[in-house]
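Let me begin by presenting the structure, written as structure tokens, before commenting on it.
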Amino acid sequence: MSPFLLGPLVVGLISSVLALVISITDRIVNDYGEVNIDINGGKKILTVKGGSPLLGTLAFQNIFVPSACGGRGSCGACKVRVLSDVGPHLPTELPYLNSEEVARNVRLSCQIKVKKNIAIELPEALFNVRKFKTTVEQIRNLTYDIKEVYLRLSDEAIAAGGISFTPGQYAQLVVPPYGDVKESVQRAYSMSSTPQDREHIELLIRLVPGGIATTWVHQYLKEGDPVEVVGPFGEFFVRDTDATMIFVAGGSGMAPFKSILNHMAQTGQWTNREIWYFFGARSRRDMFYLDEMADLERRFPNFHFVPALSEPKPEDAWTGPVGLITAVLDSYFKEKIGKDKPMEGYLCGSPGMIDACVKVMTANGISQDKIYYDKFA
Ligand SMILES: Cc1cc2nc3c(=O)[nH]c(=O)nc-3n(C[C@H](O)[C@H](O)[C@H](O)COP(=O)(O)OP(=O)(O)OC[C@H]3O[C@@H](n4cnc5c(N)ncnc54)[C@H](O)[C@@H]3O)c2cc1C
Ligand code: FES
């Protein structure tokens with residue numbers, strides 16, 4: 001073997017052996033015994049075995065903090081405020097925390113270990129988060145790269161009341177190891193089903209080329225397969241006001257709006273509010289649910305669906321608005337949307353689309369604090 005390759009190989013081998021020795025020594029020598037986790041000033045006190053990361057320790061006690069990377073310190077979703085001393089912030093945490101969070105001792109719960117009694121603060125909504133066993137009831141192609149995945153909860157979960165969530169919230173799909181992927185990962189997907197159906201969870205999943213979860217869903221997952229889902233999570237839901245709602249989505253960003261609109265149709269909630277829904281796609285082959293949205297428009301005169309294509313093909317015979325969704329949005333603000341009521345913005349999709357639409361919304365009179373979004377990043 002070339003000496004150029006041998007050097008890095010030996011260094012790598014020594015590092016792996018050292019890491020293994022440190023981890024084994026930590027387990028044998030550092031027996032932390034039982035420790036207490038005090039949550040929200042004594043609201044819950046858990047007695048747990050010390051020595052493991054806070055994220056996994058809480059999950060073992062059925063308290064699920066959001067995690068999109070499965071605890072590898074690469075998503076920044078697992079933030080928890082720690083009120084007791086667990087040592088200084090680690091370099092792995094700092095890229096995900098702003099200065100205010102650092103000052104308040106917000107931590108990445110996957111990066112800190114529970115070694116002694118610890119006090120933390122958690123949003124109480126997390127106490128309702130559960131891990132659900134489900135079976136794939138149906139998978140349907142909505143476009144060439146978006147699948148509608150319909151999951152049925154296990155009989156035990158249904159007997160225990162099923163899933164309860166607010167339309168707009170998301171769940172985390174647990175992806176098991178498959179092919180060359182050796183570790184389980186979790187990814188966030190907005191629920192497109194409604195809370196009225198407590199027995200099912202529906203997700204709309206767009207294939208990201210090379211992506212771990214979406215490749216699994218698109219190329220491996222079959223009807224009848226078992227799937228685990230953790231949820232509900234998130235702050236993306238309709239605010240309880242009379243304001244005109246401006247929805248904007250692209251691709252699988254349709255998911256939370258499908259849930260919100262079908263919830264509206266099933267319950268009559270929000271039907272007195274003006275709703276404008278702008279859905280952007282490149283060409284006709286990226287469009288879906290046009291009939292469902294047209295049906296909702298017929299039933300609810302206050303609901304206006306505006307699908308727009310940025311690059312329609314001649315064969316699309318498209319007669320709707322043409323242009324980037326930002327331009328279409330801007331023109332509707334200027335020409336069609338009444339300014340007599342306050343407005344709220346709701347956006348879901350790629351970070352680029354969201355940032356561009358936020359600019360258009362603020363330029364047209366919606367203040368930043370009335371714009372809500374989930375960035376699918
Ligand atoms: C709140 C929220 C809600 C969401 N809701 C939805 C939804 O309803 N529907 C939906 O489709 N998505 C949704 N997402 C996005 C979703 O969570 C995932 O991020 C997305 O599906 C990609 O996951 P993945 O595992 O397939 O890709 P990942 O494996 O995470 O890869 C992401 C990117 O990295 C690249 N990559 C992967 N491996 C490598 C490598 N070895 N080297 C270099 N590059 C690499 C991929 O090509 C891709 O560009 C949501 C996200 C959030 C935060
Ligand atoms: S779980 Fe992803 S950073 Fe902690």
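Going through the structure tokens in order, the chains are called A, B, and so on, while each chain numbers its residues from 1 and the ligands are numbered from 1 in the order shown.
Environment of ligand 1, defined as every protein or nucleic acid residue with an atom within 6 Å of it and counting only C-alpha atoms and all ligand atoms, comprises A:Tyr170, A:Arg187, A:Ala188, A:Tyr189, A:Ser190, A:Leu204, A:Ile205, A:Arg206, A:Val208, A:Pro209, A:Gly210, A:Gly211, A:Ile212, A:Ala213, A:Thr214, A:Thr215, A:Ser252, A:Gly253, A:Ala255, A:Asp374, A:Lys375, A:Phe376, A:Ala377.
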Find the residues near Ile39 of chain A: any atom within 7 Å, counting only C-alpha atoms, skip ones fewer than 6 places away on the same chain, and give them as a PyMOL selection string. chain A and resi 45+119-122
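Taking only C-alpha atoms and all ligand atoms into account, ligand 2 lies nearest to A:Cys110 out of the set A:Met353, A:Cys110, A:Val102, A:Leu83.
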Separating atom CA of Phe60 of chain A from atom CA of Ile158 of chain A, to the nearest tenth of an Å, is a gap of 21.6 Å
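Minimum atom-to-atom distances from A:Gly320, A:Gly73, A:Gly168, A:Pro66 to ligand 2 were compared using only C-alpha atoms and all ligand atoms, and the lowest value belongs to A:Gly73.
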Nearest to ligand 2, restricted to only C-alpha atoms and all ligand atoms and choosing among A:Arg107, A:Lys222, A:His89, A:Lys43, comes out as A:Arg107
Report task. For ligand 2, collect every residue having any atom at a distance of at most 6 Å from a ligand atom (counting only C-alpha atoms and all ligand atoms); output as JSON, numbers by chain. Result -> {"A": [67, 68, 69, 70, 71, 72, 73, 74, 75, 76, 77, 78, 108, 109, 110]}
Exercise. Looking only at helix (DSSP H, G or I) from DSSP on the backbone, list the matching residues of segment 31-108 of chain A as a PyMOL selection string.
Key: chain A and resi 54-60+94-96+99-103
Can I get the selected residues back with N, CA and C atoms, as a compact mmCIF listing (two decimals), in the first residue's frame?
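Just written: result25.txt:
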```txt
# COMPACT_ATOMS: atom_id res chain seq x y z
N LEU A 54 -29.26 13.87 27.01
CA LEU A 54 -30.58 14.29 27.50
C LEU A 54 -31.69 13.92 26.53
N LEU A 55 -31.44 14.12 25.21
CA LEU A 55 -32.48 13.84 24.20
C LEU A 55 -32.97 12.39 24.31
N GLY A 56 -32.03 11.44 24.30
CA GLY A 56 -32.40 10.02 24.35
C GLY A 56 -32.97 9.63 25.70
N THR A 57 -32.44 10.24 26.77
CA THR A 57 -32.93 9.94 28.11
C THR A 57 -34.40 10.34 28.23
N LEU A 58 -34.74 11.52 27.69
CA LEU A 58 -36.13 11.97 27.73
C LEU A 58 -37.01 11.08 26.85
N ALA A 59 -36.52 10.72 25.66
CA ALA A 59 -37.31 9.88 24.75
C ALA A 59 -37.61 8.53 25.40
N PHE A 60 -36.64 8.01 26.16
CA PHE A 60 -36.82 6.73 26.86
C PHE A 60 -37.97 6.84 27.87
N LEU A 94 -22.83 25.54 19.34
CA LEU A 94 -22.85 26.99 19.09
C LEU A 94 -23.36 27.41 17.70
N PRO A 95 -23.07 26.64 16.62
CA PRO A 95 -23.59 27.09 15.31
C PRO A 95 -25.11 27.19 15.25
N TYR A 96 -25.81 26.51 16.16
CA TYR A 96 -27.27 26.47 16.09
C TYR A 96 -27.95 27.44 17.07
N SER A 99 -27.06 34.55 20.23
CA SER A 99 -26.44 34.99 21.48
C SER A 99 -27.45 35.01 22.64
N GLU A 100 -28.72 35.31 22.30
CA GLU A 100 -29.73 35.35 23.37
C GLU A 100 -29.95 33.93 23.93
N GLU A 101 -29.96 32.93 23.03
CA GLU A 101 -30.15 31.54 23.48
C GLU A 101 -28.96 31.08 24.33
N VAL A 102 -27.76 31.48 23.91
CA VAL A 102 -26.57 31.10 24.69
C VAL A 102 -26.68 31.71 26.09
N ALA A 103 -27.09 32.98 26.15
CA ALA A 103 -27.20 33.66 27.45
C ALA A 103 -28.23 32.99 28.35
```
Between atom CA of Phe305 of chain A and atom CA of Arg273 of chain A lies a distance of 14.0 Å
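Between atom CA of Lys147 of chain A and atom CA of Phe279 of chain A the separation is 17.3 Å.
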- Task: Check the DSSP output for the backbone and give back, as an MDAnalysis selection string, the residues of segment 176-362 of chain A in strand (DSSP E or B).
- Result: chainID A and resid 178 181 185:191 200:206 226:233 244:250 275:281 303:309 322 343:349
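Take the candidates A:Gly323, A:Gly251, A:Gly179, A:Gly268 and check each one against Tyr289 of chain A using only C-alpha atoms; the shortest distance goes to A:Gly251.
Compared by their closest atoms to Asp225 of chain A, and using only C-alpha atoms, the residues A:Val136, A:Ile118, A:Ala171, A:Ile260 rank with A:Val136 nearest.
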- Message: Can you tell me which residues surround Asn128 of chain A at a distance of at most 9 Å, considering only C-alpha atoms, apart from same-chain residues fewer than 6 positions away, and format the answer as a ChimeraX atom specification?
- Response: /A:63-64,164,231-232
Please dump the current selection as a PDB file, in the first residue's frame; keep N, CA, C and O atoms.
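In the end it all went to selection-v4.pdb:
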```pdb
ATOM      1  N   ILE A  63     -40.828  11.329  26.518  1.00  0.00           N
ATOM      2  CA  ILE A  63     -40.908  12.772  26.270  1.00  0.00           C
ATOM      3  C   ILE A  63     -40.036  13.049  25.047  1.00  0.00           C
ATOM      4  O   ILE A  63     -38.816  12.866  25.092  1.00  0.00           O
ATOM      5  N   PHE A  64     -40.705  13.437  23.936  1.00  0.00           N
ATOM      6  CA  PHE A  64     -40.001  13.528  22.665  1.00  0.00           C
ATOM      7  C   PHE A  64     -39.744  14.983  22.288  1.00  0.00           C
ATOM      8  O   PHE A  64     -40.666  15.712  21.928  1.00  0.00           O
ATOM      9  N   SER A 164     -53.807  13.343  18.198  1.00  0.00           N
ATOM     10  CA  SER A 164     -54.499  14.611  18.362  1.00  0.00           C
ATOM     11  C   SER A 164     -53.502  15.712  17.998  1.00  0.00           C
ATOM     12  O   SER A 164     -52.388  15.723  18.522  1.00  0.00           O
ATOM     13  N   GLY A 231     -44.892  12.495  17.098  1.00  0.00           N
ATOM     14  CA  GLY A 231     -45.502  13.818  16.935  1.00  0.00           C
ATOM     15  C   GLY A 231     -46.643  14.033  17.914  1.00  0.00           C
ATOM     16  O   GLY A 231     -46.889  13.197  18.765  1.00  0.00           O
ATOM     17  N   PRO A 232     -47.365  15.154  17.843  1.00  0.00           N
ATOM     18  CA  PRO A 232     -47.165  16.240  16.885  1.00  0.00           C
ATOM     19  C   PRO A 232     -46.187  17.293  17.410  1.00  0.00           C
ATOM     20  O   PRO A 232     -46.001  17.415  18.618  1.00  0.00           O
TER      21      PRO A 232
END
```
Checklist entry - Which residues come within 9 Å of segment 113-117 of chain A, counting only C-alpha atoms, excluding same-chain residues fewer than 3 positions away, as a ChimeraX atom specification? => result /A:30-38,48-55,57,84,86,109-110
Output the selection as a compact mmCIF listing (two decimals), in the first residue's frame - N, CA and C atoms for each residue.
```
# COMPACT_ATOMS: atom_id res chain seq x y z
N ASN A 30 -17.39 5.70 35.05
CA ASN A 30 -18.35 6.73 35.45
C ASN A 30 -19.76 6.14 35.56
N ASP A 31 -20.02 5.46 36.62
CA ASP A 31 -21.37 4.97 36.86
C ASP A 31 -22.12 6.11 37.58
N TYR A 32 -22.95 6.81 36.82
CA TYR A 32 -23.60 7.99 37.39
C TYR A 32 -24.80 7.64 38.26
N GLY A 33 -25.21 6.36 38.23
CA GLY A 33 -26.34 5.94 39.05
C GLY A 33 -27.64 6.62 38.63
N GLU A 34 -28.58 6.70 39.56
CA GLU A 34 -29.86 7.32 39.25
C GLU A 34 -29.78 8.83 39.50
N VAL A 35 -30.35 9.60 38.57
CA VAL A 35 -30.38 11.05 38.74
C VAL A 35 -31.80 11.56 38.43
N ASN A 36 -32.09 12.77 38.89
CA ASN A 36 -33.42 13.34 38.65
C ASN A 36 -33.38 14.40 37.56
N ILE A 37 -34.42 14.39 36.71
CA ILE A 37 -34.61 15.48 35.75
C ILE A 37 -35.87 16.23 36.19
N ASP A 38 -35.67 17.49 36.60
CA ASP A 38 -36.79 18.33 37.03
C ASP A 38 -37.25 19.15 35.82
N VAL A 48 -34.01 8.84 36.38
CA VAL A 48 -33.46 8.12 35.22
C VAL A 48 -32.06 7.62 35.54
N LYS A 49 -31.56 6.72 34.66
CA LYS A 49 -30.19 6.26 34.80
C LYS A 49 -29.29 7.31 34.15
N GLY A 50 -28.30 7.80 34.87
CA GLY A 50 -27.42 8.84 34.35
C GLY A 50 -26.43 8.31 33.33
N GLY A 51 -25.85 9.23 32.54
CA GLY A 51 -24.76 8.84 31.64
C GLY A 51 -25.09 8.97 30.17
N SER A 52 -26.37 9.18 29.82
CA SER A 52 -26.73 9.24 28.40
C SER A 52 -27.14 10.66 28.02
N PRO A 53 -27.13 10.97 26.70
CA PRO A 53 -27.56 12.31 26.28
C PRO A 53 -29.00 12.60 26.71
N LEU A 54 -29.26 13.87 27.01
CA LEU A 54 -30.58 14.29 27.50
C LEU A 54 -31.69 13.92 26.53
N LEU A 55 -31.44 14.12 25.21
CA LEU A 55 -32.48 13.84 24.20
C LEU A 55 -32.97 12.39 24.31
N THR A 57 -32.44 10.24 26.77
CA THR A 57 -32.93 9.94 28.11
C THR A 57 -34.40 10.34 28.23
N SER A 84 -29.86 24.24 35.31
CA SER A 84 -28.77 23.90 36.24
C SER A 84 -27.45 23.86 35.46
N VAL A 86 -24.57 22.40 33.55
CA VAL A 86 -24.12 21.18 32.86
C VAL A 86 -22.85 21.47 32.05
N SER A 109 -30.16 19.26 23.19
CA SER A 109 -30.32 18.18 24.17
C SER A 109 -29.62 16.89 23.74
N CYS A 110 -29.27 16.78 22.45
CA CYS A 110 -28.55 15.56 22.04
C CYS A 110 -27.06 15.66 22.36
```
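Considering only C-alpha atoms, the residue among A:Tyr277, A:Phe247, A:Phe300, A:Tyr346 positioned nearest to Lys370 of chain A is A:Tyr346.
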